[in-house]
$ cat run36.txt   # compact mmCIF, C-alpha atoms
# COMPACT_ATOMS: atom_id res chain seq x y z
CA GLN A 814 -25.91 39.29 -121.12
CA VAL A 815 -24.35 37.22 -118.37
CA GLN A 816 -20.67 37.24 -117.52
CA LEU A 817 -19.02 34.24 -115.90
CA VAL A 818 -15.77 34.28 -113.93
CA GLU A 819 -14.08 31.06 -112.86
CA SER A 820 -11.62 30.66 -110.02
CA GLY A 821 -10.00 27.93 -107.97
CA GLY A 822 -7.76 26.20 -110.45
CA GLY A 823 -4.19 25.26 -109.67
CA LEU A 824 -1.51 22.60 -109.52
CA VAL A 825 -2.13 19.57 -107.35
CA GLN A 826 -0.83 16.03 -107.04
CA ALA A 827 -2.79 12.98 -108.05
CA GLY A 828 -5.32 12.01 -105.40
CA GLU A 829 -5.77 15.54 -104.09
CA SER A 830 -8.82 17.79 -104.37
CA LEU A 831 -9.75 21.19 -105.77
CA ARG A 832 -12.91 23.25 -105.77
CA LEU A 833 -13.70 25.47 -108.71
CA SER A 834 -16.10 28.40 -108.51
CA CYS A 835 -18.03 30.16 -111.25
CA ALA A 836 -19.54 33.52 -110.38
CA ALA A 837 -22.29 34.78 -112.69
CA SER A 838 -23.18 38.44 -113.07
CA GLY A 839 -26.90 37.65 -113.10
CA LEU A 840 -29.52 34.97 -112.78
CA THR A 841 -29.00 31.84 -114.84
CA ALA A 842 -30.81 28.59 -115.50
CA THR A 843 -28.66 25.52 -116.14
CA MET A 844 -24.95 25.94 -115.46
CA GLY A 845 -22.26 23.56 -116.54
CA TRP A 846 -18.59 22.79 -116.47
CA PHE A 847 -16.59 21.74 -119.50
CA ARG A 848 -12.89 21.08 -119.94
CA GLN A 849 -10.38 21.18 -122.74
CA ALA A 850 -6.99 19.52 -122.64
CA PRO A 851 -4.20 20.47 -125.08
CA GLY A 852 -4.85 18.94 -128.50
CA LYS A 853 -8.25 17.61 -127.49
CA GLU A 854 -11.85 18.59 -128.07
CA ARG A 855 -13.79 20.42 -125.42
CA GLU A 856 -15.72 17.91 -123.34
CA PHE A 857 -18.67 18.05 -121.00
CA VAL A 858 -17.93 17.50 -117.32
CA ALA A 859 -21.07 18.27 -115.33
CA SER A 860 -24.22 20.37 -115.29
CA ILE A 861 -26.79 21.50 -112.77
CA SER A 862 -30.33 22.79 -113.26
CA GLY A 863 -31.46 26.22 -112.15
CA THR A 864 -32.95 24.93 -108.90
CA GLY A 865 -30.08 22.54 -108.29
CA SER A 866 -32.39 19.56 -108.25
CA ASN A 867 -30.97 17.91 -111.36
CA THR A 868 -27.33 17.16 -112.03
CA ASN A 869 -25.52 15.32 -114.79
CA TYR A 870 -21.95 14.06 -115.01
CA ALA A 871 -19.60 12.67 -117.59
CA ASP A 872 -18.83 9.02 -116.92
CA SER A 873 -15.16 9.88 -116.47
CA VAL A 874 -15.86 12.00 -113.38
CA LYS A 875 -18.84 10.24 -111.78
CA GLY A 876 -18.20 9.47 -108.16
CA ARG A 877 -15.24 11.88 -107.98
CA PHE A 878 -16.67 15.28 -108.93
CA ALA A 879 -19.71 17.05 -107.52
CA ILE A 880 -21.43 20.10 -108.97
CA SER A 881 -23.48 22.44 -106.80
CA ARG A 882 -24.77 26.00 -106.83
CA ASP A 883 -25.69 28.80 -104.49
CA ASN A 884 -28.36 30.89 -106.18
CA ALA A 885 -28.15 33.58 -103.51
CA LYS A 886 -24.61 34.19 -104.75
CA ASN A 887 -25.24 33.37 -108.44
CA THR A 888 -22.34 30.95 -108.14
CA ALA A 889 -21.76 27.36 -109.21
CA TYR A 890 -19.09 25.07 -107.84
CA LEU A 891 -17.26 21.98 -108.97
CA GLN A 892 -15.76 19.91 -106.18
CA MET A 893 -13.11 17.66 -107.67
CA ASN A 894 -11.80 14.79 -105.55
CA SER A 895 -9.36 11.98 -106.27
CA LEU A 896 -7.88 13.97 -109.11
CA LYS A 897 -5.96 12.13 -111.81
CA PRO A 898 -3.34 13.38 -114.29
CA GLU A 899 -5.90 12.89 -117.06
CA ASP A 900 -8.09 15.53 -115.41
CA THR A 901 -5.50 18.13 -116.41
CA ALA A 902 -7.23 20.72 -118.59
CA VAL A 903 -8.62 24.21 -118.77
CA TYR A 904 -11.98 24.10 -117.04
CA LEU A 905 -14.68 26.39 -118.40
CA CYS A 906 -17.93 27.41 -116.84
CA ALA A 907 -21.00 27.77 -119.04
CA ALA A 908 -24.56 28.94 -118.53
CA ARG A 909 -27.82 29.28 -120.30
CA LEU A 910 -30.86 31.34 -119.44
CA VAL A 911 -34.45 30.23 -119.04
CA GLY A 912 -35.82 29.18 -122.42
CA GLU A 913 -32.43 28.73 -124.03
CA ILE A 914 -31.29 25.36 -125.33
CA GLN A 915 -27.59 25.89 -125.78
CA PHE A 916 -24.96 27.16 -123.39
CA ASN A 917 -24.61 30.69 -124.71
CA TYR A 918 -22.43 32.16 -122.01
CA TRP A 919 -18.89 31.06 -121.25
CA GLY A 920 -16.16 32.01 -118.84
CA GLN A 921 -12.50 32.44 -119.70
CA GLY A 922 -11.48 29.21 -118.03
CA THR A 923 -9.21 28.19 -115.17
CA GLN A 924 -6.25 25.84 -115.47
CA VAL A 925 -6.20 22.61 -113.48
CA THR A 926 -2.97 20.64 -113.55
CA VAL A 927 -2.64 17.28 -111.82
CA SER A 928 0.85 15.87 -111.45
CA SER A 929 1.53 12.15 -111.04
$ encode --input "run36.txt" --output "structure tokens"
Amino acid sequence: QVQLVESGGGLVQAGESLRLSCAASGLTATMGWFRQAPGKEREFVASISGTGSNTNYADSVKGRFAISRDNAKNTAYLQMNSLKPEDTAVYLCAARLVGEIQFNYWGQGTQVTVSS
């Protein structure tokens, strides 16, 4: 079992930046960030492979968000720049272990609110 704890959310104005952190209780393979806005489906934001060599982004955040990880700290990060009101959502960290296909481990989420 792996536990994930997110931090770093908050209220910012459009155009500002935030950095989210996701601390895992153990080793993980791919880690990802998802978000869910009120009344909307959960959507993929970004993912990073276990070594950090491969990253993927949703089109809506490409060029603005950057995912990274520090395996010495079992922590993944999501640097969010040029935030827009439509980025407002609960951001959830997810992880899967080596050999797993789905994201089986999820954090509780951290709220990001972007005011116009």
$ residues_around --input "run36.txt" --residues "range 836-838 of chain A" --least-positions-apart "3" --cutoff "6 Å" --atoms "only C-alpha atoms" --output "ChimeraX atom specification"
/A:815-818,887-888
$ residues_around --input "run36.txt" --residues "Val927 in chain A" --least-positions-apart "6" --cutoff "10 Å" --atoms "only C-alpha atoms" --output "PyMOL selection string"
chain A and resi 823-830+896-902
$ atom_distance --input "run36.txt" --atom1 "CA of Val858 in chain A" --atom2 "CA of Asn917 in chain A"
16.5 Å
$ closest_atom_pairs --input "run36.txt" --of "range 829-858 of chain A" --to "range 863-880 of chain A" --cutoff "8 Å" --atoms "all atoms listed in the file" --output "JSON lines"
{"residue": "A:Thr841", "atom": "CA", "partner": "A:Gly863", "partner_atom": "CA", "distance": 6.7}
{"residue": "A:Ala842", "atom": "CA", "partner": "A:Gly863", "partner_atom": "CA", "distance": 4.2}
{"residue": "A:Thr843", "atom": "CA", "partner": "A:Gly863", "partner_atom": "CA", "distance": 4.9}
{"residue": "A:Met844", "atom": "CA", "partner": "A:Gly863", "partner_atom": "CA", "distance": 7.3}
{"residue": "A:Phe857", "atom": "CA", "partner": "A:Ala871", "partner_atom": "CA", "distance": 6.4}
{"residue": "A:Val858", "atom": "CA", "partner": "A:Ala871", "partner_atom": "CA", "distance": 5.1}
$ axis_aligned_box --input "run36.txt" --around "range 896-911 of chain A" --padding-each-side "3 Å" --output "lines of an AutoDock Vina configuration file"
center_x = -18.9
center_y = 21.7
center_z = -114.7
size_x = 37.1
size_y = 25.2
size_z = 17.2
$ atom_distance --input "run36.txt" --atom1 "CA of Met893 in chain A" --atom2 "CA of Gln814 in chain A"
28.5 Å
$ closest_residue --input "run36.txt" --among "A:Cys835, A:Trp919, A:Arg882, A:Lys853" --to "Gly821 in chain A" --atoms "all atoms listed in the file"
A:Cys835
$ atom_distance --input "run36.txt" --atom1 "CA of Asp883 in chain A" --atom2 "CA of Tyr918 in chain A"
18.1 Å
$ closest_residue --input "run36.txt" --among "A:Ala908, A:Ala859, A:Leu831, A:Ala885" --to "Val925 in chain A" --atoms "only C-alpha atoms"
A:Leu831
$ closest_residue --input "run36.txt" --among "A:Gln849, A:Ser895, A:Thr923, A:Asn884" --to "Leu833 in chain A" --atoms "all atoms listed in the file"
A:Thr923
$ residues_around --input "run36.txt" --residues "Cys906 in chain A" --least-positions-apart "5" --cutoff "6 Å" --atoms "only C-alpha atoms" --output "list in words"
Gly845, Trp846, Trp919 and Gly920 of chain A
$ write_last_selection --input "run36.txt" --atoms "C-alpha atoms" --output "PDB file, keeping the file's coordinate frame"
ATOM      1  CA  GLY A 845     -22.260  23.560-116.540  1.00  0.00           C
ATOM      2  CA  TRP A 846     -18.590  22.790-116.470  1.00  0.00           C
ATOM      3  CA  TRP A 919     -18.890  31.060-121.250  1.00  0.00           C
ATOM      4  CA  GLY A 920     -16.160  32.010-118.840  1.00  0.00           C
TER       5      GLY A 920
END
